[in-house]
Each structure stands twice: as C-alpha cells, then as structure tokens.
$ cat structure.txt   # compact mmCIF, C-alpha atoms
# COMPACT_ATOMS: atom_id res chain seq x y z
CA MET A 1 0.00 0.00 0.00
CA MET A 2 2.82 2.41 0.97
CA ASN A 3 4.67 1.65 -2.27
CA TRP A 4 1.51 2.42 -4.27
CA ILE A 5 1.09 5.76 -2.48
CA LEU A 6 4.74 6.70 -3.04
CA MET A 7 4.50 5.82 -6.72
CA LYS A 8 1.39 7.98 -7.11
CA LEU A 9 3.21 10.90 -5.49
CA MET A 10 6.50 10.46 -7.32
CA ASN A 11 5.20 9.82 -10.84
CA PRO A 12 3.88 13.37 -11.46
CA LEU A 13 7.10 14.86 -10.07
CA ALA A 14 9.25 12.64 -12.27
CA ASP A 15 7.08 13.40 -15.31
CA ASN A 16 7.32 17.16 -14.75
CA LEU A 17 11.07 17.02 -14.21
CA THR A 18 11.58 14.94 -17.36
CA ARG A 19 9.52 17.36 -19.46
CA ALA A 20 11.42 20.32 -18.04
CA ILE A 21 14.82 18.76 -18.79
CA LEU A 22 13.89 17.74 -22.33
CA ASN A 23 11.84 20.80 -23.34
CA GLN A 24 12.99 23.96 -21.55
CA ASP A 25 15.79 26.23 -22.77
CA TYR A 26 18.98 26.30 -20.65
CA PRO A 27 18.27 29.45 -18.60
CA THR A 28 15.30 27.70 -16.95
CA ASN A 29 16.37 24.08 -17.39
CA PRO A 30 17.21 22.10 -14.19
CA ALA A 31 19.90 20.28 -16.20
CA GLU A 32 21.94 23.46 -16.44
CA ILE A 33 23.83 22.41 -13.31
CA ILE A 34 25.09 19.36 -15.24
CA THR A 35 26.75 21.48 -17.92
CA VAL A 36 28.22 23.82 -15.32
CA ALA A 37 29.59 20.83 -13.38
CA ASP A 38 31.07 19.43 -16.61
CA LYS A 39 32.79 22.74 -17.25
CA LEU A 40 34.07 23.53 -13.77
CA GLY A 41 34.02 20.20 -11.95
CA PRO A 42 32.09 19.45 -8.73
CA ARG A 43 35.10 20.19 -6.51
CA VAL A 44 35.56 23.71 -7.88
CA ILE A 45 31.85 24.48 -7.41
CA ILE A 46 31.88 23.17 -3.84
CA GLU A 47 35.03 25.12 -2.93
CA ALA A 48 33.58 28.27 -4.52
CA GLY A 49 30.63 27.93 -2.15
CA MET A 50 32.92 27.56 0.84
CA ARG A 51 34.88 30.67 -0.16
CA ALA A 52 31.66 32.63 -0.67
CA GLN A 53 30.47 31.62 2.79
CA THR A 54 33.59 32.47 4.83
CA GLY A 55 35.76 34.86 2.83
CA LYS A 56 38.80 33.07 4.28
CA ALA A 57 41.47 30.72 2.94
CA LEU A 58 40.21 27.13 2.84
CA GLN A 59 41.80 24.28 4.75
CA ARG A 60 41.51 21.01 2.85
CA PRO A 61 42.52 17.86 4.80
CA PHE A 62 44.58 14.99 3.36
CA GLY A 63 46.22 16.91 0.52
CA SER A 64 45.56 17.46 -3.17
CA PRO A 65 43.37 15.21 -5.33
CA VAL A 66 45.64 16.18 -8.23
CA VAL A 67 48.14 13.32 -8.68
CA ARG A 68 50.75 13.81 -11.39
CA SER A 69 53.39 11.22 -10.46
CA PRO A 70 53.01 8.50 -13.14
CA TRP A 71 53.83 5.52 -10.92
CA ASP A 72 51.39 3.38 -12.93
CA LYS A 73 53.56 3.79 -16.06
CA ILE A 74 56.52 2.19 -14.30
CA LEU A 75 56.89 -1.56 -13.79
CA LEU A 76 59.33 -3.73 -11.89
CA THR A 77 61.25 -6.36 -13.89
CA PRO A 78 61.24 -9.94 -12.52
CA ARG A 79 63.78 -12.68 -13.38
CA GLN A 80 62.92 -16.35 -13.88
CA LEU A 81 65.42 -18.30 -16.01
CA PHE A 82 68.68 -16.48 -16.82
CA GLN A 83 68.66 -15.43 -13.16
CA LEU A 84 66.61 -17.42 -10.71
CA PRO A 85 64.20 -15.93 -8.15
CA THR A 86 65.38 -15.74 -4.57
CA GLU A 87 64.98 -19.22 -3.16
CA THR A 88 63.02 -18.42 0.01
CA LEU A 89 61.34 -15.41 1.54
CA ASP A 90 63.38 -16.00 4.69
CA GLU A 91 66.47 -14.81 2.82
CA ILE A 92 64.97 -11.40 2.11
CA SER A 93 65.66 -8.40 4.35
CA THR A 94 63.53 -5.27 4.45
CA ALA A 95 65.79 -3.45 6.91
CA THR A 96 67.14 -0.01 6.14
CA THR A 97 69.32 2.54 7.91
CA ILE A 98 68.89 6.31 8.00
CA GLY A 99 72.07 8.28 8.66
CA LYS A 100 74.66 5.52 8.30
CA THR A 101 77.53 7.78 9.30
CA ALA A 102 75.80 9.31 12.32
CA ARG A 103 77.09 8.34 15.73
CA ARG A 104 73.71 6.69 16.41
CA PRO A 105 72.27 5.59 13.05
CA LEU A 106 68.52 4.99 12.85
CA LYS A 107 68.10 1.30 12.02
CA LEU A 108 64.59 0.27 10.96
CA ASP A 109 63.07 -3.14 10.27
CA ILE A 110 61.16 -1.83 7.26
CA PRO A 111 61.68 1.09 4.85
CA ILE A 112 58.18 2.48 5.46
CA MET A 113 58.09 5.33 7.99
CA ILE A 114 55.24 7.44 9.40
CA THR A 115 55.58 10.99 8.16
CA GLY A 116 55.32 14.25 10.08
CA MET A 117 51.72 14.91 11.14
CA SER A 118 51.59 17.20 14.13
CA TYR A 119 49.70 16.81 17.35
CA GLY A 120 47.54 19.89 17.54
CA GLY A 121 48.19 21.41 14.14
CA SER A 122 46.88 18.27 12.49
CA LEU A 123 45.98 15.16 14.48
CA SER A 124 44.48 14.44 17.87
CA LEU A 125 46.63 13.13 20.72
CA LYS A 126 44.88 9.75 20.50
CA MET A 127 45.68 9.46 16.80
CA LYS A 128 49.32 10.34 17.44
CA MET A 129 49.46 7.74 20.17
CA ALA A 130 48.03 5.11 17.81
CA LEU A 131 50.56 5.95 15.08
CA ALA A 132 53.40 5.73 17.59
CA GLU A 133 52.28 2.38 18.97
CA GLY A 134 51.49 0.89 15.56
CA SER A 135 54.83 1.97 14.10
CA ALA A 136 56.64 0.46 17.09
CA MET A 137 54.88 -2.86 16.55
CA ALA A 138 56.14 -2.84 12.96
CA GLY A 139 59.70 -1.88 13.89
CA THR A 140 59.66 1.51 12.21
CA SER A 141 59.51 5.19 13.14
CA THR A 142 56.90 7.84 13.70
CA ASN A 143 57.33 11.61 13.49
CA THR A 144 56.26 14.55 15.66
CA GLY A 145 55.47 16.80 12.69
CA GLU A 146 55.42 20.55 13.44
CA SER A 147 54.81 20.04 17.12
CA ALA A 148 56.66 19.21 20.30
CA VAL A 149 57.31 15.80 21.84
CA ALA A 150 54.18 14.72 23.69
CA PRO A 151 55.08 12.31 26.51
CA GLU A 152 52.21 10.00 25.50
CA THR A 153 53.71 9.66 22.02
CA ARG A 154 57.30 9.20 23.14
CA ALA A 155 56.24 6.46 25.56
CA ARG A 156 54.65 4.43 22.75
CA ALA A 157 57.13 5.02 19.93
CA LYS A 158 60.10 2.74 19.40
CA TYR A 159 61.73 5.28 17.10
CA LEU A 160 60.68 8.92 17.18
CA ILE A 161 61.81 11.49 14.63
CA GLY A 162 61.26 15.06 15.74
CA GLN A 163 60.80 18.03 13.45
CA TYR A 164 62.90 21.03 14.40
CA ASN A 165 60.11 23.23 13.15
CA ARG A 166 59.29 26.78 12.13
CA GLY A 167 56.93 27.12 15.07
CA GLY A 168 59.85 26.79 17.48
CA TRP A 169 58.14 24.15 19.64
CA LEU A 170 60.85 21.52 19.32
CA SER A 171 64.14 23.32 19.70
CA SER A 172 65.13 22.93 23.34
CA ARG A 173 67.83 20.51 24.42
CA GLU A 174 65.30 18.83 26.70
CA GLN A 175 63.07 18.03 23.71
CA LEU A 176 65.82 17.17 21.24
CA ASN A 177 67.41 14.70 23.66
CA LEU A 178 64.21 12.61 23.45
CA LEU A 179 64.59 11.91 19.73
CA ASP A 180 66.02 9.14 17.57
CA ALA A 181 66.53 11.53 14.66
CA ILE A 182 66.15 15.29 14.11
CA GLU A 183 64.44 16.59 10.98
CA VAL A 184 64.90 20.29 10.20
CA GLN A 185 61.59 21.15 8.56
CA LEU A 186 62.19 23.86 5.97
CA GLY A 187 59.32 23.04 3.63
CA GLN A 188 56.35 20.75 3.06
CA GLY A 189 54.96 19.35 -0.17
CA ALA A 190 51.30 20.04 0.61
CA PHE A 191 52.13 23.73 1.06
CA GLY A 192 54.40 23.84 -1.97
CA GLY A 193 57.18 25.05 0.28
CA ALA A 194 56.99 27.12 3.45
CA VAL A 195 54.29 29.61 4.42
CA GLU A 196 53.03 30.97 7.71
CA SER A 197 50.08 29.46 9.51
CA THR A 198 48.46 30.54 12.78
CA MET A 199 46.35 28.55 15.22
CA GLU A 200 44.31 30.91 17.39
CA SER A 201 44.59 30.53 21.15
CA GLY A 202 40.90 29.74 21.53
CA LYS A 203 41.40 26.50 19.60
CA ILE A 204 44.33 25.36 21.73
CA GLY A 205 43.43 23.05 24.59
CA GLU A 206 45.24 22.96 27.92
CA HIS A 207 47.26 19.81 27.18
CA LEU A 208 48.44 21.14 23.82
CA ARG A 209 49.27 24.55 25.34
CA GLU A 210 51.46 22.83 27.93
CA THR A 211 53.09 20.66 25.25
CA TRP A 212 53.90 23.71 23.11
CA ARG A 213 54.86 25.80 26.17
CA LEU A 214 52.44 28.60 25.26
CA LYS A 215 51.04 31.22 27.59
CA GLU A 216 47.33 31.54 28.24
CA GLY A 217 45.78 33.43 25.31
CA GLU A 218 48.88 33.09 23.11
CA ASP A 219 48.38 32.11 19.45
CA ALA A 220 50.58 29.44 17.86
CA THR A 221 52.27 30.48 14.61
CA VAL A 222 54.33 28.47 12.17
CA ARG A 223 56.50 30.98 10.34
CA ALA A 224 57.57 30.96 6.70
CA ARG A 225 61.19 31.06 7.89
CA MET A 226 62.89 29.20 10.67
CA PRO A 227 63.37 31.48 13.72
CA GLY A 228 66.82 33.04 13.56
CA VAL A 229 67.34 32.14 9.90
CA SER A 230 67.66 34.92 7.34
CA SER A 231 70.03 33.42 4.75
CA PRO A 232 71.16 30.07 3.29
CA LYS A 233 74.33 30.45 5.38
CA ASP A 234 72.17 30.49 8.52
CA ILE A 235 70.53 27.23 7.43
CA VAL A 236 73.93 25.60 7.01
CA GLY A 237 74.97 26.85 10.42
CA LEU A 238 71.80 25.56 12.09
CA VAL A 239 72.09 22.05 10.63
CA ASN A 240 75.80 21.80 11.44
CA LYS A 241 75.21 23.02 15.00
CA LEU A 242 72.65 20.27 15.54
CA LYS A 243 75.05 17.72 14.07
CA THR A 244 77.74 18.83 16.49
CA GLU A 245 75.52 18.68 19.55
CA TYR A 246 73.55 15.44 18.97
CA ASP A 247 74.54 11.87 18.16
CA VAL A 248 71.34 10.98 16.28
CA PRO A 249 70.93 11.50 12.51
CA VAL A 250 70.11 15.08 11.52
CA GLY A 251 68.25 15.71 8.29
CA VAL A 252 66.58 18.39 6.21
CA LYS A 253 63.04 18.26 4.84
CA ILE A 254 62.13 20.30 1.76
CA ALA A 255 59.22 20.48 -0.63
CA ALA A 256 60.15 19.36 -4.14
CA SER A 257 60.24 22.29 -6.56
CA ASP A 258 61.76 23.18 -9.92
CA PHE A 259 64.62 24.80 -8.00
CA ILE A 260 65.43 21.50 -6.30
CA GLU A 261 69.03 21.39 -7.56
CA ARG A 262 69.71 24.83 -6.08
CA GLU A 263 68.09 23.77 -2.80
CA LEU A 264 70.27 20.66 -2.74
CA GLN A 265 73.34 22.80 -3.28
CA VAL A 266 72.63 24.45 0.07
CA ILE A 267 72.03 21.11 1.80
CA ALA A 268 75.28 19.78 0.31
CA GLU A 269 77.15 22.47 2.25
CA THR A 270 75.80 21.03 5.51
CA GLN A 271 76.81 17.94 7.44
CA ALA A 272 73.25 16.56 7.28
CA ASP A 273 72.74 12.81 7.37
CA PHE A 274 69.48 12.59 5.43
CA ILE A 275 67.23 14.52 3.07
CA VAL A 276 63.45 14.30 2.87
CA ILE A 277 62.03 15.09 -0.58
CA ASP A 278 58.33 15.88 -0.09
CA GLY A 279 56.39 15.95 -3.36
CA ALA A 280 53.31 17.94 -4.28
CA GLU A 281 51.04 14.96 -3.61
CA GLY A 282 51.81 15.18 0.11
CA GLY A 283 48.95 15.63 2.55
CA THR A 284 48.25 17.86 5.53
CA ALA A 285 45.32 18.93 7.67
CA VAL A 286 45.29 22.64 6.94
CA ALA A 287 46.80 23.61 3.55
CA PRO A 288 44.73 25.83 1.25
CA PRO A 289 43.73 24.13 -2.04
CA THR A 290 45.69 26.69 -4.09
CA LEU A 291 48.94 25.59 -2.47
CA GLU A 292 48.07 21.90 -2.60
CA ASP A 293 47.06 21.88 -6.28
CA ASN A 294 49.34 24.41 -7.95
CA LEU A 295 52.77 24.56 -6.29
CA GLY A 296 55.78 22.30 -6.31
CA LEU A 297 56.89 19.19 -8.20
CA PRO A 298 55.21 15.76 -8.25
CA THR A 299 56.92 13.30 -5.93
CA LEU A 300 58.41 11.09 -8.65
CA TYR A 301 60.00 14.00 -10.51
CA GLY A 302 61.39 15.55 -7.34
CA LEU A 303 62.89 12.24 -6.23
CA VAL A 304 64.49 11.44 -9.59
CA ARG A 305 66.05 14.89 -9.92
CA ALA A 306 67.34 14.84 -6.34
CA VAL A 307 69.01 11.44 -6.69
CA ASP A 308 70.46 12.37 -10.09
CA TRP A 309 71.94 15.63 -8.80
CA LEU A 310 73.54 13.98 -5.80
CA GLU A 311 75.01 11.24 -7.99
CA GLU A 312 76.30 13.69 -10.58
CA HIS A 313 78.13 15.57 -7.84
CA GLY A 314 79.54 12.39 -6.31
CA ILE A 315 77.86 12.89 -2.93
CA ARG A 316 74.94 10.42 -3.07
CA ASP A 317 76.54 8.22 -0.39
CA ARG A 318 76.70 11.12 2.06
CA PHE A 319 72.95 11.25 2.48
CA SER A 320 70.07 8.89 3.16
CA ILE A 321 67.04 9.88 1.09
CA ILE A 322 63.44 9.63 2.26
CA ALA A 323 60.73 10.02 -0.39
CA ALA A 324 57.37 11.45 0.65
CA GLY A 325 54.13 12.62 -0.90
CA GLY A 326 51.20 10.50 -2.05
CA LEU A 327 52.94 7.13 -1.68
CA CYS A 328 50.32 4.62 -0.59
CA THR A 329 50.89 1.08 -1.97
CA PRO A 330 53.68 -1.51 -1.76
CA GLY A 331 54.23 -0.94 -5.47
CA HIS A 332 54.80 2.78 -4.91
CA PHE A 333 57.23 2.02 -2.09
CA LEU A 334 59.27 -0.45 -4.15
CA LYS A 335 59.48 1.87 -7.16
CA ALA A 336 60.57 4.81 -5.00
CA LEU A 337 63.28 2.63 -3.45
CA ALA A 338 64.41 1.50 -6.91
CA VAL A 339 64.62 5.14 -8.06
CA GLY A 340 67.05 5.78 -5.23
CA ALA A 341 65.26 6.39 -1.94
CA ASP A 342 66.45 4.61 1.20
CA ALA A 343 62.97 4.75 2.75
CA VAL A 344 59.54 6.28 2.21
CA TYR A 345 57.22 8.34 4.38
CA ILE A 346 53.48 7.64 4.46
CA GLY A 347 50.79 9.82 5.98
CA THR A 348 47.22 9.82 4.69
CA ILE A 349 47.19 6.10 3.96
CA ALA A 350 48.61 5.38 7.43
CA VAL A 351 45.80 7.34 9.09
CA LEU A 352 43.13 5.66 6.97
CA ALA A 353 44.56 2.21 7.68
CA ALA A 354 44.71 2.96 11.40
CA VAL A 355 41.08 4.07 11.69
CA HIS A 356 39.94 1.09 9.57
CA THR A 357 36.44 0.06 10.66
CA GLN A 358 36.36 2.65 13.44
CA VAL A 359 34.98 5.12 10.89
CA ALA A 360 31.66 3.41 11.53
CA LYS A 361 31.62 5.27 14.85
CA VAL A 362 31.11 8.60 13.08
CA ILE A 363 29.47 7.99 9.70
CA PRO A 364 26.95 8.97 8.46
CA GLU A 365 26.68 11.76 11.07
CA ALA A 366 30.20 13.04 10.30
CA VAL A 367 33.10 12.49 7.89
CA PRO A 368 35.99 10.22 9.00
CA ALA A 369 38.31 13.23 9.46
CA GLN A 370 36.28 14.15 12.56
CA LEU A 371 37.61 10.99 14.21
CA VAL A 372 41.30 11.84 13.79
CA LEU A 373 41.84 15.62 13.62
CA TYR A 374 42.82 17.63 16.70
CA ASP A 375 39.61 19.63 16.55
CA GLY A 376 37.58 16.63 15.38
CA LYS A 377 34.13 16.44 16.94
CA TYR A 378 34.53 12.71 17.63
CA ALA A 379 38.29 12.52 18.28
CA ASP A 380 37.65 11.09 21.76
CA LYS A 381 35.93 8.05 20.25
CA LEU A 382 39.13 6.64 18.72
CA ASP A 383 40.29 3.36 20.28
CA VAL A 384 44.08 3.79 20.39
CA LYS A 385 44.96 0.10 20.74
CA GLN A 386 42.66 -0.97 17.93
CA ALA A 387 44.03 1.75 15.65
CA ALA A 388 47.61 0.76 16.47
CA VAL A 389 46.94 -2.88 15.62
CA SER A 390 45.25 -1.90 12.35
CA LEU A 391 48.24 0.24 11.35
CA ALA A 392 50.69 -2.52 12.28
CA ASN A 393 48.67 -5.01 10.22
CA PHE A 394 48.72 -2.64 7.25
CA LEU A 395 52.49 -2.24 7.48
CA SER A 396 52.94 -5.99 7.85
CA SER A 397 50.77 -6.66 4.80
CA CYS A 398 52.73 -4.14 2.72
CA THR A 399 56.03 -5.64 3.85
CA GLU A 400 54.95 -9.18 2.95
CA GLU A 401 53.91 -8.11 -0.54
CA MET A 402 57.15 -6.20 -1.00
CA LYS A 403 59.10 -9.33 -0.06
CA LEU A 404 57.19 -11.37 -2.64
CA ALA A 405 58.06 -8.80 -5.30
CA LEU A 406 61.70 -8.83 -4.20
CA GLN A 407 61.71 -12.62 -4.51
CA ALA A 408 60.45 -12.37 -8.09
CA LEU A 409 63.17 -9.80 -8.81
CA GLY A 410 65.85 -12.10 -7.45
CA LYS A 411 66.77 -9.76 -4.60
CA LYS A 412 67.74 -10.52 -1.03
CA SER A 413 67.33 -6.99 0.33
CA VAL A 414 65.42 -3.79 -0.40
CA THR A 415 68.83 -2.10 -0.53
CA GLU A 416 69.64 -4.04 -3.73
CA LEU A 417 66.91 -2.30 -5.73
CA SER A 418 68.04 0.06 -8.50
CA ARG A 419 66.75 1.63 -11.69
CA ASP A 420 67.91 -1.48 -13.54
CA ASP A 421 64.85 -3.09 -11.94
CA LEU A 422 62.47 -0.61 -13.57
CA VAL A 423 60.91 -0.35 -17.02
CA THR A 424 58.34 2.07 -18.39
CA THR A 425 55.71 2.20 -21.11
CA CYS A 426 56.42 5.91 -21.70
CA LYS A 427 59.40 6.99 -23.87
CA ASP A 428 59.60 10.43 -22.27
CA LEU A 429 59.67 8.88 -18.81
CA ALA A 430 62.34 6.40 -19.89
CA GLU A 431 64.57 9.25 -21.05
CA PHE A 432 63.94 11.37 -17.96
CA MET A 433 64.49 8.56 -15.45
CA ASN A 434 67.23 6.80 -17.42
CA ILE A 435 65.36 3.51 -17.32
CA ARG A 436 64.43 1.13 -20.11
CA TYR A 437 61.50 1.68 -22.46
CA ALA A 438 59.32 -1.44 -22.50
CA GLY A 439 58.79 -1.24 -26.27
CA SER A 440 62.44 -1.86 -27.19
CA PRO A 441 64.20 -5.22 -26.73
CA ARG A 442 67.27 -5.61 -24.58
CA ARG A 443 70.46 -5.93 -26.61
CA GLU A 444 73.01 -7.12 -24.07
$ encode --input "structure.txt" --output "structure tokens"
Amino acid sequence: MMNWILMKLMNPLADNLTRAILNQDYPTNPAEIITVADKLGPRVIIEAGMRAQTGKALQRPFGSPVVRSPWDKILLTPRQLFQLPTETLDEISTATTIGKTARRPLKLDIPIMITGMSYGGSLSLKMKMALAEGSAMAGTSTNTGESAVAPETRARAKYLIGQYNRGGWLSSREQLNLLDAIEVQLGQGAFGGAVESTMESGKIGEHLRETWRLKEGEDATVRARMPGVSSPKDIVGLVNKLKTEYDVPVGVKIAASDFIERELQVIAETQADFIVIDGAEGGTAVAPPTLEDNLGLPTLYGLVRAVDWLEEHGIRDRFSIIAAGGLCTPGHFLKALAVGADAVYIGTIAVLAAVHTQVAKVIPEAVPAQLVLYDGKYADKLDVKQAAVSLANFLSSCTEEMKLALQALGKKSVTELSRDDLVTTCKDLAEFMNIRYAGSPRRE
C-alpha cells in the first residue's frame, strides 16, 4: 500500500522534471547544473561555495586530489630463467638505515616510515598515540610533525623522529634529547614550500598549550622562515650546530620544486645525514587548495632529480634519502626505493589504515576526518589500541607483498633495488628517469 502511495506521489514529479529537462531552454532548465559541473568540476563548485560563505582561505585535509606522479607507467622487472628468483622469503631483508655515518644511526626493520603529522596542528593526541604504537609494533619510526614531543607519544614510539620546526616548539635541548633523529623542517609538499600558519589561542586546549609551552591566550604560529634564519648560510649553520651537539641523525626536509638542484646545493654544504624530498602529492590537515594543487613538483620528478643531482656531484653516499608525498601502496614504495630512496614516508594512507572500521563510529553523522583531527568532533571516540593494531597489520601486509616482489626480482634486500629493476611504457619517462622503455628489446 505504501509503495503504491509513493508511486502515485512520485510519478507526477518525475514526469514534470523529465519534461522540463527535455523541453525547456537552458536558462530555466534544471539540467543546467550538469553542464556547469562538466565545465568547472564538482570540486571547484563546492570550494567556490565555501569561499563565498567564509571569505577566508580554505583548509583542505589529506592533501591534493591532483596526482601527477606516473607511478602506474613504471613496472618492476622480474627474473625467472637467466637469473633465478630468490629461493626463500626467509632470505629477504627489508631493513634499512637512515644516517649511516651518524654516531647513532637509525636502524629500521622496514623502509616504510610514518611521516610528520603534528599533534595539535593536524591530528588528535589519541591518533598520534596510535601511530606511535602501531609503528613500534612494525619496527619503524613515527614523526612529531610541526609540534613538540608529547610524553604520551614518546612512551609508545620505538623510534621517534622530531621536526625542528618553524613554530619553534621543538628546539630545546630537553626536547631534542628525546629523539632518535632530528628533521629540520624547511618546507612541506602540501604547502608547496613554506608559508606561515596561525592557530588561534581559543582553539588550543590545555594539554596542547602545555606541550607547546604557550602562555594563556597566546596564538601558535608556524613561520615561513625558521626562527633566527635569514640566509642560506644560517641554514647551514643551524644544521651543522645540531650535528655537532647530537649523536642521532640530523636531516633536512624540503618540498620538491623546480629549484630542487639549487636547494640541494645548500644542503650539500651542511653535514646533514638525510634529506626528505616531499612531493606535491603530500597531505596535511590545513593547507589551502591553491597551495596543494598548484605549487611544487610531483613526488616522482622531485625524487628522480634529487638522486640524479647527488650522484652527478659524487655525494649520493653522504645522504640517506626519504621520499614522501602521495605514496600509498607496496608498489609505490618499491618503485621509489628502486629510483634511489632509502625509505619512504606515508601519511594519509597510514591514518586511513589505522582508523579502519572505526569510521563506523562517526558515519553517516560526520566524515571520517572528525575521528582523527585535533579539533575533530569525535576525536575522543578513537580506540588507540585498535588503531595501532590496524596500522601494524597494514604495514605488515605491505612488507609481505614487497618481499614477494623482491623474490620475483631475485633480490635478497630492499637495498639491492636500482633503476635497472624498472621499465616504463612511456618513452619520455624512460629518457627522464634513465630507465628502459618497455617497447624496445634488450640488446646485451
């Protein structure tokens, strides 16, 4: 009976709508929105509405939807007959070391690391605790991001990398002594480089205020420049000072840009142990869409050019390289390692894997981001232990698949990967990366 009533009500509405769409001219036609959406795209229309409502810069979580790194055009090259596959998976090592020449090198069980996502500026304390615990279970590192060391995170992390950041919240000897590596954060892929960002005091809770050592009513600002730095020479001095004072690896993080070779020239003058190349596909909680979508270099291009420049200048062995920005599958990780990275950073995919089925706690009332962000409405609902186990399982799954690929390639370690293990279906990419084009036979 109810179905019959609904049909009687809906049929006239559907008939009228159909006639309007098929008969009326565009200025009065309901289908006009379809042509506008085709022209502009739904995302642009939605963001235009947000801008019209607030008049302020937008803050889009998780980074840009624009992905320009052509990882799908690159394939790994297995061996079967002329060279046999690795006999057993037990022979294969996924271990890697960051800062081999540091007094206390960072030795990891896997080459997949959790990238810098800050407590407060990005994620909730519970989410940071889950990432720390999950990374520890997998034998890898987590990262403070542009924040300070929260005791709850340090207690759960096996390896903690701290960002010496432009907010100045992780620069004291007390804080730096808690770290397993120091990362001087001079740029970020999702921002296309380095810009200022302010978190108003009213949004800063008591625990975060204490962690950042802020006064009551004091805003928190990440500057475009590192405090006390006004020239490339100052950057060199800062990095070298940290190297002198601490035994752990000291590195520099930059956003990939078309000036990457000139940026590397500055880093080459330092005594840094590692370099983080953060591509334009990197994520964050607060970057405006303009910066996410229109600045910087795609991760693959930034990584290739960085490795090539270091090799051309004979200094590749001085630095460990960490690739970051939009990497989310075991295939991405392996290809980045083959290009020349020693390890990869993951962010968005780590958060999504950690929350796993816990998103059911908030949908459909809210989007999943509300479960993990610092100011998320449902951040208190996150089960830290469950999220940690989910992340550890994700990392374990990725590692197992990577080992299977390494077996097919005839490798015994991720450190044996090179560009000789890559082939591409794109001639331009083959020339740029100096790898083989799949359409031409090998002649050796």
$ atom_distance --input "structure.txt" --atom1 "atom CA of A:Leu422" --atom2 "atom CA of A:Arg305"
16.3 Å
$ closest_residue --input "structure.txt" --among "A:Gln271, A:Ser197, A:Thr221, A:Thr424" --to "A:Ala57" --atoms "all atoms listed in the file"
A:Ser197
$ residues_around --input "structure.txt" --residues "A:Tyr246" --least-positions-apart "3" --cutoff "10 Å" --atoms "only C-alpha atoms" --output "PyMOL selection string"
chain A and resi 102-104+173+176-177+179-182+241-243+249-250
$ closest_residue --input "structure.txt" --among "A:Val67, A:Leu123, A:Ala268, A:Ala132" --to "A:Glu292" --atoms "only C-alpha atoms"
A:Val67
$ closest_atom_pairs --input "structure.txt" --of "stretch 310-406 of chain A" --to "stretch 80-97 of chain A" --cutoff "8 Å" --atoms "only C-alpha atoms" --output "CSV"
residue,atom,partner,partner_atom,distance
A:Ser320,CA,A:Thr97,CA,8.0
A:Asp342,CA,A:Thr96,CA,6.8
A:Ala343,CA,A:Thr96,CA,7.2
A:Thr399,CA,A:Thr94,CA,7.5
A:Lys403,CA,A:Ile92,CA,6.6
A:Leu404,CA,A:Leu89,CA,7.1
A:Leu406,CA,A:Ile92,CA,7.6
$ closest_residue --input "structure.txt" --among "A:Gly347, A:Pro232, A:Pro289, A:Gly145" --to "A:Thr329" --atoms "only C-alpha atoms"
A:Gly347
$ atom_distance --input "structure.txt" --atom1 "atom CA of A:Lys377" --atom2 "atom CA of A:Gly282"
24.4 Å
$ closest_residue --input "structure.txt" --among "A:Leu337, A:Gly202, A:Gly302, A:Gly139" --to "A:Glu263" --atoms "all atoms listed in the file"
A:Gly302
$ residues_near_point --input "structure.txt" --point "(62.1, 8.1, 6.6)" --cutoff "6 Å" --atoms "all atoms listed in the file" --output "ChimeraX atom specification"
/A:113,322,343-345
$ residues_around --input "structure.txt" --residues "A:Thr101" --least-positions-apart "6" --cutoff "10 Å" --atoms "all atoms listed in the file" --output "PyMOL selection string"
chain A and resi 248-249+272-273+317-320
$ atom_distance --input "structure.txt" --atom1 "atom CA of A:Cys398" --atom2 "atom CA of A:Val66"
24.1 Å
$ closest_residue --input "structure.txt" --among "A:Ala148, A:Arg51, A:Lys128, A:Gly162" --to "A:Leu214" --atoms "all atoms listed in the file"
A:Ala148
$ build_atoms --input "structure.txt" --residues "stretch 287-298 of chain A" --atoms "N, CA, C and O atoms" --output "mmCIF file, in the coordinates of the input"
data_model
loop_
_atom_site.group_PDB
_atom_site.id
_atom_site.type_symbol
_atom_site.label_atom_id
_atom_site.label_comp_id
_atom_site.auth_asym_id
_atom_site.auth_seq_id
_atom_site.Cartn_x
_atom_site.Cartn_y
_atom_site.Cartn_z
ATOM 1 N N ALA A 287 46.313 22.821 4.687
ATOM 2 C CA ALA A 287 46.800 23.610 3.550
ATOM 3 C C ALA A 287 45.660 24.090 2.661
ATOM 4 O O ALA A 287 44.730 23.337 2.369
ATOM 5 N N PRO A 288 45.719 25.338 2.196
ATOM 6 C CA PRO A 288 44.730 25.830 1.250
ATOM 7 C C PRO A 288 44.834 25.081 -0.084
ATOM 8 O O PRO A 288 45.938 24.713 -0.504
ATOM 9 N N PRO A 289 43.715 24.853 -0.767
ATOM 10 C CA PRO A 289 43.730 24.130 -2.040
ATOM 11 C C PRO A 289 44.672 24.726 -3.081
ATOM 12 O O PRO A 289 45.283 23.995 -3.857
ATOM 13 N N THR A 290 44.801 26.062 -3.117
ATOM 14 C CA THR A 290 45.690 26.690 -4.090
ATOM 15 C C THR A 290 47.114 26.195 -3.947
ATOM 16 O O THR A 290 47.802 25.909 -4.938
ATOM 17 N N LEU A 291 47.578 26.063 -2.711
ATOM 18 C CA LEU A 291 48.940 25.590 -2.470
ATOM 19 C C LEU A 291 49.056 24.100 -2.753
ATOM 20 O O LEU A 291 50.060 23.638 -3.298
ATOM 21 N N GLU A 292 48.036 23.346 -2.385
ATOM 22 C CA GLU A 292 48.070 21.900 -2.600
ATOM 23 C C GLU A 292 48.078 21.540 -4.082
ATOM 24 O O GLU A 292 48.763 20.602 -4.499
ATOM 25 N N ASP A 293 47.299 22.267 -4.884
ATOM 26 C CA ASP A 293 47.060 21.880 -6.280
ATOM 27 C C ASP A 293 47.995 22.520 -7.281
ATOM 28 O O ASP A 293 48.103 22.027 -8.417
ATOM 29 N N ASN A 294 48.669 23.607 -6.925
ATOM 30 C CA ASN A 294 49.340 24.410 -7.950
ATOM 31 C C ASN A 294 50.814 24.708 -7.702
ATOM 32 O O ASN A 294 51.449 25.350 -8.537
ATOM 33 N N LEU A 295 51.371 24.279 -6.595
ATOM 34 C CA LEU A 295 52.770 24.560 -6.290
ATOM 35 C C LEU A 295 53.583 23.283 -6.213
ATOM 36 O O LEU A 295 53.073 22.222 -5.850
ATOM 37 N N GLY A 296 54.855 23.402 -6.533
ATOM 38 C CA GLY A 296 55.780 22.300 -6.310
ATOM 39 C C GLY A 296 55.923 21.343 -7.471
ATOM 40 O O GLY A 296 55.393 21.548 -8.564
ATOM 41 N N LEU A 297 56.662 20.257 -7.224
ATOM 42 C CA LEU A 297 56.890 19.190 -8.200
ATOM 43 C C LEU A 297 56.229 17.904 -7.722
ATOM 44 O O LEU A 297 56.217 17.625 -6.516
ATOM 45 N N PRO A 298 55.701 17.083 -8.646
ATOM 46 C CA PRO A 298 55.210 15.760 -8.250
ATOM 47 C C PRO A 298 56.331 14.954 -7.596
ATOM 48 O O PRO A 298 57.515 15.132 -7.906
#
